[in-house]
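Have a look at input-v8.cif below; it lists mmCIF, C-alpha atoms and all ligand atoms.
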```cif
data_start
#
loop_
_atom_site.label_atom_id
_atom_site.label_comp_id
_atom_site.auth_asym_id
_atom_site.auth_seq_id
_atom_site.Cartn_x
_atom_site.Cartn_y
_atom_site.Cartn_z
CA MET U 1 -17.54 -3.92 18.43
CA LEU U 2 -18.52 -5.14 14.99
CA SER U 3 -19.92 -8.53 14.01
CA LYS U 4 -17.76 -10.59 11.65
CA LYS U 5 -20.35 -10.09 8.91
CA MET U 6 -20.49 -6.31 9.39
CA SER U 7 -16.72 -6.04 9.54
CA ALA U 8 -16.28 -8.06 6.33
CA ALA U 9 -18.95 -6.02 4.51
CA LEU U 10 -17.39 -2.72 5.59
CA ASN U 11 -13.92 -3.92 4.57
CA LYS U 12 -15.21 -5.01 1.17
CA HIS U 13 -16.82 -1.63 0.59
CA MET U 14 -13.67 0.18 1.73
CA ASN U 15 -11.94 -1.45 -1.25
CA THR U 16 -14.80 -0.41 -3.54
CA GLU U 17 -14.19 3.21 -2.51
CA LEU U 18 -10.52 2.74 -3.40
CA TYR U 19 -11.57 1.34 -6.77
CA SER U 20 -13.72 4.47 -7.24
CA ALA U 21 -10.65 6.64 -6.56
CA TYR U 22 -8.61 4.79 -9.20
CA LEU U 23 -11.52 4.94 -11.66
CA TYR U 24 -11.66 8.73 -11.42
CA LEU U 25 -7.88 9.02 -11.56
CA ASN U 26 -7.96 7.18 -14.90
CA MET U 27 -10.82 9.38 -16.09
CA SER U 28 -8.82 12.46 -15.11
CA ALA U 29 -5.89 11.30 -17.23
CA SER U 30 -8.19 10.41 -20.12
CA ALA U 31 -9.82 13.87 -20.07
CA ALA U 32 -6.39 15.52 -19.96
CA SER U 33 -5.21 13.45 -22.92
CA THR U 34 -8.10 14.74 -25.04
CA GLY U 35 -7.47 18.38 -24.12
CA PHE U 36 -10.20 18.79 -21.51
CA LYS U 37 -8.05 20.26 -18.72
CA GLY U 38 -11.09 21.43 -16.75
CA ALA U 39 -12.74 18.01 -16.84
CA SER U 40 -9.40 16.49 -15.84
CA ASN U 41 -9.42 18.75 -12.78
CA TRP U 42 -13.03 17.79 -11.99
CA PHE U 43 -12.16 14.08 -12.03
CA MET U 44 -9.00 14.72 -10.00
CA VAL U 45 -11.12 16.36 -7.28
CA GLN U 46 -13.46 13.38 -7.52
CA TYR U 47 -10.43 11.11 -6.95
CA GLN U 48 -9.44 13.11 -3.88
CA GLU U 49 -12.96 12.83 -2.47
CA GLU U 50 -12.95 9.06 -2.98
CA MET U 51 -9.67 8.77 -1.10
CA ILE U 52 -11.38 10.54 1.82
CA HIS U 53 -14.25 8.05 1.60
CA PHE U 54 -11.78 5.17 1.55
CA MET U 55 -9.95 6.56 4.59
CA LYS U 56 -13.21 7.02 6.49
CA PHE U 57 -13.89 3.28 6.22
CA TYR U 58 -10.26 2.44 6.99
CA THR U 59 -10.27 4.60 10.13
CA TYR U 60 -13.70 3.39 11.26
CA LEU U 61 -12.70 -0.28 10.99
CA ASN U 62 -9.50 0.31 12.93
CA SER U 63 -11.31 2.37 15.59
CA GLN U 64 -13.65 -0.60 16.13
CA GLY U 65 -10.69 -2.90 16.82
CA GLU U 66 -10.82 -4.48 13.35
CA GLN U 67 -7.90 -4.68 10.95
CA ALA U 68 -8.69 -2.84 7.73
CA ILE U 69 -7.27 -4.86 4.84
CA VAL U 70 -6.64 -3.35 1.44
CA GLY U 71 -7.15 -6.16 -1.06
CA GLN U 72 -6.80 -6.90 -4.71
CA MET U 73 -9.26 -5.29 -7.02
CA ALA U 74 -10.05 -5.15 -10.71
CA ALA U 75 -8.23 -2.44 -12.62
CA PRO U 76 -10.57 0.33 -13.77
CA PRO U 77 -10.95 0.85 -17.54
CA SER U 78 -8.24 2.85 -19.26
CA LYS U 79 -10.24 3.87 -22.34
CA TYR U 80 -13.26 6.16 -22.18
CA GLY U 81 -15.66 7.76 -24.61
CA SER U 82 -16.81 11.36 -24.89
CA LEU U 83 -17.13 13.68 -21.90
CA LEU U 84 -20.86 12.93 -21.87
CA GLN U 85 -20.19 9.20 -21.87
CA MET U 86 -17.67 9.59 -19.04
CA MET U 87 -20.20 11.52 -16.99
CA GLU U 88 -22.87 8.91 -17.67
CA ASP U 89 -20.39 6.22 -16.58
CA THR U 90 -19.77 8.28 -13.44
CA LEU U 91 -23.48 8.48 -12.62
CA ASN U 92 -23.88 4.73 -13.20
CA HIS U 93 -20.97 4.04 -10.89
CA GLU U 94 -22.31 6.35 -8.19
CA GLN U 95 -25.72 4.69 -8.41
CA PHE U 96 -23.96 1.38 -7.80
CA ILE U 97 -22.17 2.89 -4.77
CA THR U 98 -25.50 4.21 -3.44
CA LYS U 99 -26.89 0.67 -3.68
CA CYS U 100 -23.85 -0.66 -1.76
CA ILE U 101 -24.26 1.99 0.97
CA ASN U 102 -27.97 1.19 1.28
CA GLU U 103 -27.19 -2.52 1.64
CA LEU U 104 -24.56 -1.78 4.30
CA THR U 105 -27.09 0.36 6.16
CA ASP U 106 -29.70 -2.41 5.91
CA LEU U 107 -27.18 -4.83 7.41
CA ALA U 108 -26.32 -2.42 10.24
CA VAL U 109 -30.05 -2.05 11.04
CA LYS U 110 -30.56 -5.82 10.92
CA GLU U 111 -27.64 -6.35 13.28
CA LYS U 112 -28.78 -3.54 15.61
CA ASP U 113 -25.34 -2.00 15.05
CA HIS U 114 -26.07 1.61 16.01
CA ALA U 115 -22.49 2.86 15.64
CA SER U 116 -22.28 1.62 12.05
CA GLN U 117 -25.70 3.10 11.26
CA ILE U 118 -24.47 6.51 12.43
CA PHE U 119 -21.18 6.10 10.55
CA LEU U 120 -23.02 5.22 7.33
CA GLN U 121 -25.44 8.16 7.53
CA TRP U 122 -22.73 10.51 6.25
CA PHE U 123 -22.41 8.36 3.12
CA VAL U 124 -26.18 8.18 2.59
CA THR U 125 -26.27 11.99 2.41
CA GLU U 126 -23.08 12.18 0.35
CA GLN U 127 -24.49 9.87 -2.32
CA VAL U 128 -27.53 12.11 -2.85
CA GLU U 129 -25.15 15.01 -3.54
CA GLU U 130 -22.89 12.93 -5.81
CA GLU U 131 -25.75 11.74 -7.99
CA GLU U 132 -27.28 15.22 -8.14
CA ASN U 133 -23.99 16.75 -9.33
CA ASP U 134 -23.57 14.08 -12.00
CA ARG U 135 -27.12 14.50 -13.30
CA GLU U 136 -26.64 18.27 -13.49
CA LEU U 137 -23.46 17.88 -15.55
CA ILE U 138 -25.06 15.29 -17.84
CA GLY U 139 -27.88 17.76 -18.48
CA LYS U 140 -25.42 20.51 -19.37
CA LEU U 141 -23.38 18.23 -21.64
CA LYS U 142 -26.52 17.13 -23.48
CA LEU U 143 -27.52 20.76 -23.90
CA VAL U 144 -24.12 21.68 -25.33
CA GLY U 145 -23.90 18.62 -27.60
CA ASP U 146 -21.10 18.97 -30.15
CA ASN U 147 -20.91 22.76 -29.91
CA GLY U 148 -17.20 23.54 -29.52
CA TYR U 149 -17.70 26.88 -27.81
CA GLY U 150 -20.19 25.37 -25.38
CA LEU U 151 -17.81 22.51 -24.55
CA LEU U 152 -14.99 25.00 -23.99
CA MET U 153 -17.14 27.05 -21.59
CA LEU U 154 -18.23 23.93 -19.74
CA ASP U 155 -14.64 22.69 -19.51
CA ASN U 156 -13.68 26.06 -17.99
CA GLU U 157 -16.46 25.63 -15.42
CA LEU U 158 -15.24 22.12 -14.53
CA GLY U 159 -11.77 23.58 -14.05
CA THR U 160 -12.98 25.74 -11.16
CA ARG U 161 -13.91 22.78 -8.94
CA VAL U 162 -11.81 22.78 -5.79
CA PHE U 163 -11.23 19.89 -3.40
CA THR U 164 -12.56 20.69 0.06
CA PRO U 165 -11.89 18.04 2.69
CA PRO U 166 -14.77 17.34 5.10
CA PRO U 167 -14.29 19.12 8.50
CA THR U 168 -13.38 15.92 10.37
CA THR U 169 -10.50 15.15 7.99
CA ALA U 170 -9.20 18.72 7.57
CA ALA U 171 -5.74 19.29 9.01
FE1 LIG U 201 -17.37 7.37 -2.52
FE2 LIG U 201 -18.39 8.65 -5.06
O1 LIG U 201 -18.75 7.54 -3.64
#
```

Just dump the structure as structure tokens.
Amino acid sequence: MLSKKMSAALNKHMNTELYSAYLYLNMSASAASTGFKGASNWFMVQYQEEMIHFMKFYTYLNSQGEQAIVGQMAAPPSKYGSLLQMMEDTLNHEQFITKCINELTDLAVKEKDHASQIFLQWFVTEQVEEEENDRELIGKLKLVGDNGYGLLMLDNELGTRVFTPPPTTAA
């Protein structure tokens, strides 16, 4: 059983994960439109991961007897800058998500909600990985700069990313 406050906070964050999915879907289209097919694939995988995150919250709320409610949200931007700028935007967004997850965990601890604490642990770990990946790519993009050959090689690398669903959501 969840408190009203915990349930509302989890539901709100569920919608933030959905926003994240749409944000990366727009970034995927933007990268494709500028010829970066590999980066487009990378952001598409990112979108798929965010949909898993969204569904984790949706399923958890329902399993606790709460009604998950998908609400209105702001539309993500449709115009983006360079690949480096997009990756920096991605890191900024993930740092915001990390802050949200930490606040949710703080609330679960305050409310002595052990089930929610355990549920949120997966996201605490996931955010470390997300930020690490983004920082690594930002480093590579800065190294490459405006070098066309370097950007092409990096785009090829981004094109190899494959979506792997977490074990609990695999069919
Ligand atoms: Fe669902 Fe990228 O955090």

Gap from atom CA of His53 of chain U to atom CA of Gly159 of chain U - Å, one decimal: 22.2 Å

Set the cut-off to 9 Å, count all atoms listed in the file, and list whatever residues fall near ligand LIG 201 (chain U) as a compact mmCIF listing (two decimals) with C-alpha atoms, keeping the file's coordinate frame.
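Listed below is the output, out_27.txt:
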```txt
# COMPACT_ATOMS: atom_id res chain seq x y z
CA THR U 16 -14.80 -0.41 -3.54
CA GLU U 17 -14.19 3.21 -2.51
CA LEU U 18 -10.52 2.74 -3.40
CA SER U 20 -13.72 4.47 -7.24
CA ALA U 21 -10.65 6.64 -6.56
CA GLN U 46 -13.46 13.38 -7.52
CA TYR U 47 -10.43 11.11 -6.95
CA GLU U 49 -12.96 12.83 -2.47
CA GLU U 50 -12.95 9.06 -2.98
CA MET U 51 -9.67 8.77 -1.10
CA ILE U 52 -11.38 10.54 1.82
CA HIS U 53 -14.25 8.05 1.60
CA PHE U 54 -11.78 5.17 1.55
CA THR U 90 -19.77 8.28 -13.44
CA HIS U 93 -20.97 4.04 -10.89
CA GLU U 94 -22.31 6.35 -8.19
CA GLN U 95 -25.72 4.69 -8.41
CA ILE U 97 -22.17 2.89 -4.77
CA THR U 98 -25.50 4.21 -3.44
CA PHE U 123 -22.41 8.36 3.12
CA GLU U 126 -23.08 12.18 0.35
CA GLN U 127 -24.49 9.87 -2.32
CA GLU U 130 -22.89 12.93 -5.81
CA GLU U 131 -25.75 11.74 -7.99
```

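For the residues U:Asn15, U:Asn41, U:Gln72, U:Thr34, ranking by smallest atom-to-atom distance to Arg161 of chain U using all atoms listed in the file places U:Asn41 first.
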
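When all atoms listed in the file are used to measure the gap to Val45 of chain U, the shortest distance among U:Ser3, U:Tyr22, U:Asp89, U:Asp113 belongs to U:Tyr22.
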
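Nearest to Gly38 of chain U of all the residues U:Ile118, U:Ile69, U:Leu143, U:Leu83 is U:Leu83, based on only C-alpha atoms.
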
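Here the question is which of U:Ile101, U:Met55, U:Met44, U:Val109 gets nearest to Val162 of chain U using only C-alpha atoms, and that residue is U:Met44.
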